[in-house]
Amino acid sequence: MAASSRRNPPPLPGAENQDPLSEMAGEDSDEGEDIFVGNSNPVAEAFQPDTANGEEPADLFSEAETSTAVNSSITTSKSNGVHSDNENDLFAEVSVELSMENPSTTAKSSGAEFTPSLTLSATQPESMEQLEEEKDEDSFDMEVAVTNPEKIGDGMNAYMAYKVSTRTTLPMFRNRTFSVWRRFSDFLGLYEKLSVKHSLNGCIIPPPPEKSVVGMTKVKVGKDDSSSADFVERRRAALERYLQRVVCHPSLLQDPDVREFLERDELPRAVGTHTLSGAGFLKMINRASDAVSKMTIKISDSDAWFDNKLQEVESEELQLRKLHAVVDSLVNHRKELCGNTAVFAKSMAMLGNSEDNTALSRALSQLAEVEDKMETLHQEQAASDFFILAELLADYIRLLGAVRGCFEQRMKTWQRWQEAQSTLQKKREVEAKLLWANKPDKLQQAKEEITEWEGKVTQYERDFDRISVTVRKEFLRFEKQKSKDFKSQIVKYLESLLQSQQRHVKFWEAFLPEAKAIA
Amino acid sequence: GTKVSIKPERPLSKEEATARSVSVDLNNDASLLIDIPDALCERDKVKFTVHTKTTLSSFQKPDFSVPRQHEDFIWLHDALVETEDYAGLIIPPAPPKPDFESPREKMHKLGEGEATMTKEEYTKMKQELEAEYLAVFKKTVQVHEVFLQRLSSHPILSKDRNFQIFLEYDQDLSVRRKNAKETFGSFFKNMVKSADEVIISGIKEVDDFFEQEKTFLLDYSSKIKDSTARAEKMTRSHKNVADDYIHISATLNSLSVDDNTKVEGRVASDEELKLTELLRYYMLDIQAAKDLLYRRARALADYENSNKALDKARLKSKDITQAEEHQQQCLQKFDKLSESGKRELTSFKGRRVVAFRKNLIEMAELEIKHAKNNMALLQGCIELLKSN
């Protein structure tokens with residue numbers, strides 16, 4: 001096992017990590033039509049990391065099938081708040097896998113994915129009924145939406161309130177449809193609560209969107225331009241995705257804090273959320289991972305799986321960062337193209353005016369109009385590039401950070417167990433010495449300590465096994481989710497490109513007769 | 001340096017050759033057919049193979065080729081401009097110098113950044129750059145070809161002695177070129193450049209036709225210059241977008257989004273070829289037309305001066321005959337220029353309209369074709385992903 005690979009901290013030190021995120025946070029995405037329409041399904045597959053290790057794809061799929069089974073066991077049990085997830089030991093999981101083999105294949109053949117899908121339609125204020133565009137089967141039957149951003153108050157104390165609407169048939173909720181109003185810090189507060197409770201178990205907690213002082217200040221100050229609107233829309237969409245990921249998670253959904261977040265009318269104001277900016281979050285993760293990587297670790301061979309997966313995660317994160325930078329560049333270049341096309345269109349119009357041949361003059365004016373339309377197309381495409389691709393990548397870069405956090409949590413647990421074992425060993429040595437030196441009262445204390453530490457060792461070992469199971473399960477669920485997410489978003493992106501090209505054809509086909517009419 | 005050679009797979013038909021060019025109605029006359037079938041690029045220098053097929057007895061052979069450099073074309077152009085007899089003609093604009101700056105710079109940057117990208121990405125970028133290089137190359141061949149074809153289809157210019165030398169002389173022209181420079185110098189050119197607008201706009205026009213032409217050309221010239229610059233900027237942006245797609249697809253190596261790059265890139269380079277080239281060509285052509293106006297304006301000024309001189313001579317009763325002769329000469333020259341100028345400008349107008357029509361149609365058709373290709377590709381991708 002390549003223990004040495006783990007000795008290297010994640011390639012990007014804390015400071016460097018801040019760049020893509022802080023740059024995103026402070027970004028004034030200029031133009032912006034609110035065109036984020038269509039379904040946002042965190043559902044799909046086909047994204048595969050750089051397959052340097054050839055065996056991975058096969059692994060992923062075989063694991064995926066079994067994980068489907070595991071998931072179904074949990075979801076279909078329709079638990080009423082009692083979630084025995086943490087109590088599963090390795091063997092229970094195996095038996096569950098075997099028994100669920102058949103349902104998984106039939107479920108798969110229906111073309112649906114097992115993990116709950118959350119669908120969403122347009123950002124415009126809509127009734128919950130319109131949010132029901134489901135493409136896939138729901139095991140959870142749970143949908144959330146974040147809509148209707150509204151500015152509350154004025155000046156520097158102002159804030160944006162968002163409507164959080166839920167539609168569900170799960171019995172643990174009081175109603176089937178309901179909505180509440182939440183502000184950004186509420187979302188952060190939720191994250192903090194979940195983090196405190198679940199991250200020690202090895203759960204992958206979806207990270208919230210980042211804070212942005214610049215963006216929000218503009219909004220507060222009342223700058224009523226497209227960059228503010230853009231910022232608000234971007235945040236709204238990010239909050240929605242965040243919430244969808246939370247409720248998508250079988251364990252997190254059971255958490256009373258989540259329920260409270262969705263249901264309760266007035267939520268106590270979350271405090272201490274100033275520490276959770278995106279940069280801060282990453283710093284936290286990286287500090288942890290630095291500490292962990294400094295340990296010289298050699299776990300048993302059965303741990304190869306974790307080691308490989310962590311490596312995958314790290315390399316994937318690198319890829320995504322790179323990709324994100326390029327997509328960013330694409331967005332900027334397309335915006336440039338927009339501007340240049342608009343200027344060109346005007347220039348063509350002027351030329352058309354100058355032209356003394358009537359038919360040619362008209363054709364040139366028409367050409368100017370076509371180019372104007374092109375500009376609109378480019379603008380919309382830039383928004384697509386951003387909202388569909390760039391945000392997807394940004395989300396997953398953060399998620400991968402959270403995944404790394406999980407792995408590191410597991411390592412810490414292991415370390416704690418090892419340390420307990422060595423402490424126990426020392427205690428036993430002390431006992432042996434005392435036996436030999438024949439000091440009965442000290443001996444009694446030593447025996448008590450040994451018992452205590454034996455208990456701790458057993459406890460910590462069990463903890464470690466438990467967290468290993470959880471992390472493994474979480475990871476597989478995550479991979480599946482990620483695949484779906486990427487596939488669906490990429491399909492969406494391609495569809496937006498397709499639409500753009502269709503309109504492209506229409507515009508030029510309308511122009512052609514004008515050109516032919518020149519005489 | 002890279003050696004790039006272009007040879008069409010088979011000899012181009014006349015239709016295809018015409019389709020390649022910005023201008024129309026060229027190379028139609030079988031008595032003198034010129035084309036550039038092939039060119040070689042070595043470092044900075046491009047060597048064109050100029051091929052002539054003729055039935056005219058003024059040439060030594062009916063079918064022959066010579067190698068020529070860009071500087072030879074400039075020499076020919078300048079020689080024509082400086083020929084007094086052609087003052088009343090629109091001399092086709094000189095082809096612009098081959099400019100490989102952009103792809104070369106990009107190639108250099110690519111080489112520097114090779115370490116930071118995957119092999120696949122590097123290969124793709126390299127391919128794109130080679131395509132860009134090729135596009136620039138094709139473009140420069142085209143403009144040089146069109147220049148010669150404009151000459152060969154002009155009733156007067158096609159008979160020019162220098163033109164014939166250019167086509168036929170099988171030795172290196174650079175010796176001749178050096179001699180020519182000494183004879184004519186570049187002072188004429190400078191004069192033209194600086195005095196141009198002032199003289200044309202200042203002169204009192206006696207002829208309605210020319211008055212209108214002047215107004216039109218001055219205005220149109222500045223507009224088309226502007227349009228050309230904007231079009232270039234726009235297509236450059238488009239190229240940037242295409243490059244980004246290459247990087248994206250290289251990183252998403254398992255998906256088939258990479259096909260987009262070829263298409264987006266090609267759209268950019270085709271747009272470049274059609275629209276920008278059209279505008280650039282006519283920007284130059286209009287400059288040539290303006291040059292004609294300038295020459296005529298100068299002739300008019302000369303004529304008016306000669307009138308004044310004649311009046312002075314009559315007053316002083318000195319050198320009257322001389323003055324009268326001079327005045328007659330000026331008048332003749334002016335009339336000749338006016339007559340030929342009118343002809344040239346009218347046919348220029350017609351040519352321009354036809355060329356715009358052809359190019360705008362082709363451009364629209366290309367846009368449609370590419371968009372439809374894109375759509376097919378995208379649909380394929382989408383179906384593939386959905387079916388998984």
# chains A, B, ... in the order shown; residues from 1 in each chain; ligands from 1

call {"tool": "select_by_dssp", "arguments": {"residues": "segment 30-235 of chain B", "states": "strand (DSSP E or B)", "output": "PDB file with C-alpha atoms, in the first residue's frame"}}
result
ATOM      1  CA  LEU B  32      -5.029  34.791 -69.936  1.00  0.00           C
ATOM      2  CA  LEU B  33      -5.658  32.537 -66.973  1.00  0.00           C
ATOM      3  CA  ILE B  34      -3.659  32.965 -63.800  1.00  0.00           C
ATOM      4  CA  ASP B  35      -3.741  31.054 -60.580  1.00  0.00           C
ATOM      5  CA  ILE B  36      -1.556  30.183 -57.613  1.00  0.00           C
ATOM      6  CA  PRO B  37      -1.845  26.418 -57.379  1.00  0.00           C
ATOM      7  CA  ASP B  38       0.761  25.957 -54.739  1.00  0.00           C
ATOM      8  CA  ALA B  39       2.819  27.778 -52.184  1.00  0.00           C
ATOM      9  CA  LEU B  40       5.581  27.009 -49.777  1.00  0.00           C
ATOM     10  CA  CYS B  41       6.107  28.557 -46.397  1.00  0.00           C
ATOM     11  CA  GLU B  42       9.565  28.710 -44.933  1.00  0.00           C
ATOM     12  CA  LYS B  45       8.970  33.789 -46.347  1.00  0.00           C
ATOM     13  CA  VAL B  46       6.191  32.540 -48.499  1.00  0.00           C
ATOM     14  CA  LYS B  47       7.043  31.386 -51.993  1.00  0.00           C
ATOM     15  CA  PHE B  48       4.094  31.463 -54.357  1.00  0.00           C
ATOM     16  CA  THR B  49       3.976  29.479 -57.545  1.00  0.00           C
ATOM     17  CA  VAL B  50       2.353  31.724 -60.107  1.00  0.00           C
ATOM     18  CA  HIS B  51       0.921  29.698 -62.933  1.00  0.00           C
ATOM     19  CA  THR B  52      -0.130  31.233 -66.260  1.00  0.00           C
ATOM     20  CA  LYS B  53      -2.049  29.738 -69.106  1.00  0.00           C
ATOM     21  CA  THR B  54      -2.399  31.938 -72.133  1.00  0.00           C
ATOM     22  CA  ASP B  63       1.688  27.406 -70.110  1.00  0.00           C
ATOM     23  CA  PHE B  64       4.298  28.204 -67.480  1.00  0.00           C
ATOM     24  CA  SER B  65       4.967  28.835 -63.823  1.00  0.00           C
ATOM     25  CA  VAL B  66       7.344  31.005 -61.868  1.00  0.00           C
ATOM     26  CA  PRO B  67       8.168  31.307 -58.182  1.00  0.00           C
ATOM     27  CA  ARG B  68       7.404  34.687 -56.647  1.00  0.00           C
ATOM     28  CA  GLN B  69       7.707  36.299 -53.248  1.00  0.00           C
TER      29      GLN B  69
END

call {"tool": "interface_residues", "arguments": {"of": "chain A", "to": "chain B", "cutoff": "8 Å", "atoms": "only C-alpha atoms", "output": "JSON, numbers by chain"}}
result
{"A": [45, 46, 47, 48, 319, 323, 326, 327, 329, 330, 333, 334, 336, 337, 340, 341, 343, 344, 347, 348, 350, 351, 354, 355, 356, 357, 360, 487, 491, 494, 495, 497, 498, 501, 502, 504, 505, 508, 509, 511, 512, 515, 516, 518, 519]}

call {"tool": "residues_around", "arguments": {"residues": "Phe100 of chain B", "least_positions_apart": "3", "cutoff": "9 Å", "atoms": "only C-alpha atoms", "output": "count of residues only"}}
result
7

call {"tool": "atom_distance", "arguments": {"atom1": "atom CA of Glu408 of chain A", "atom2": "atom CA of Leu318 of chain A"}}
result
17.9 Å

call {"tool": "select_by_dssp", "arguments": {"residues": "segment 151-354 of chain A", "states": "alpha helix (DSSP H)", "output": "number ranges by chain"}}
result
A: 184-198, 213-221, 226-248, 250-254, 256-263, 278-294, 304-354

call {"tool": "atom_distance", "arguments": {"atom1": "atom CA of Phe147 of chain B", "atom2": "atom CA of Ala349 of chain A"}}
result
28.8 Å

call {"tool": "atom_distance", "arguments": {"atom1": "atom CA of Gly405 of chain A", "atom2": "atom CA of Leu243 of chain A"}}
result
19.7 Å

call {"tool": "residues_around", "arguments": {"residues": "Thr140 of chain B", "least_positions_apart": "6", "cutoff": "8 Å", "atoms": "only C-alpha atoms", "output": "ChimeraX atom specification"}}
result
/B:95-98

call {"tool": "closest_residue", "arguments": {"among": "B:Gln127, B:Gln164, B:Thr118, B:Gln171", "to": "Ser57 of chain B", "atoms": "only C-alpha atoms"}}
result
B:Gln164
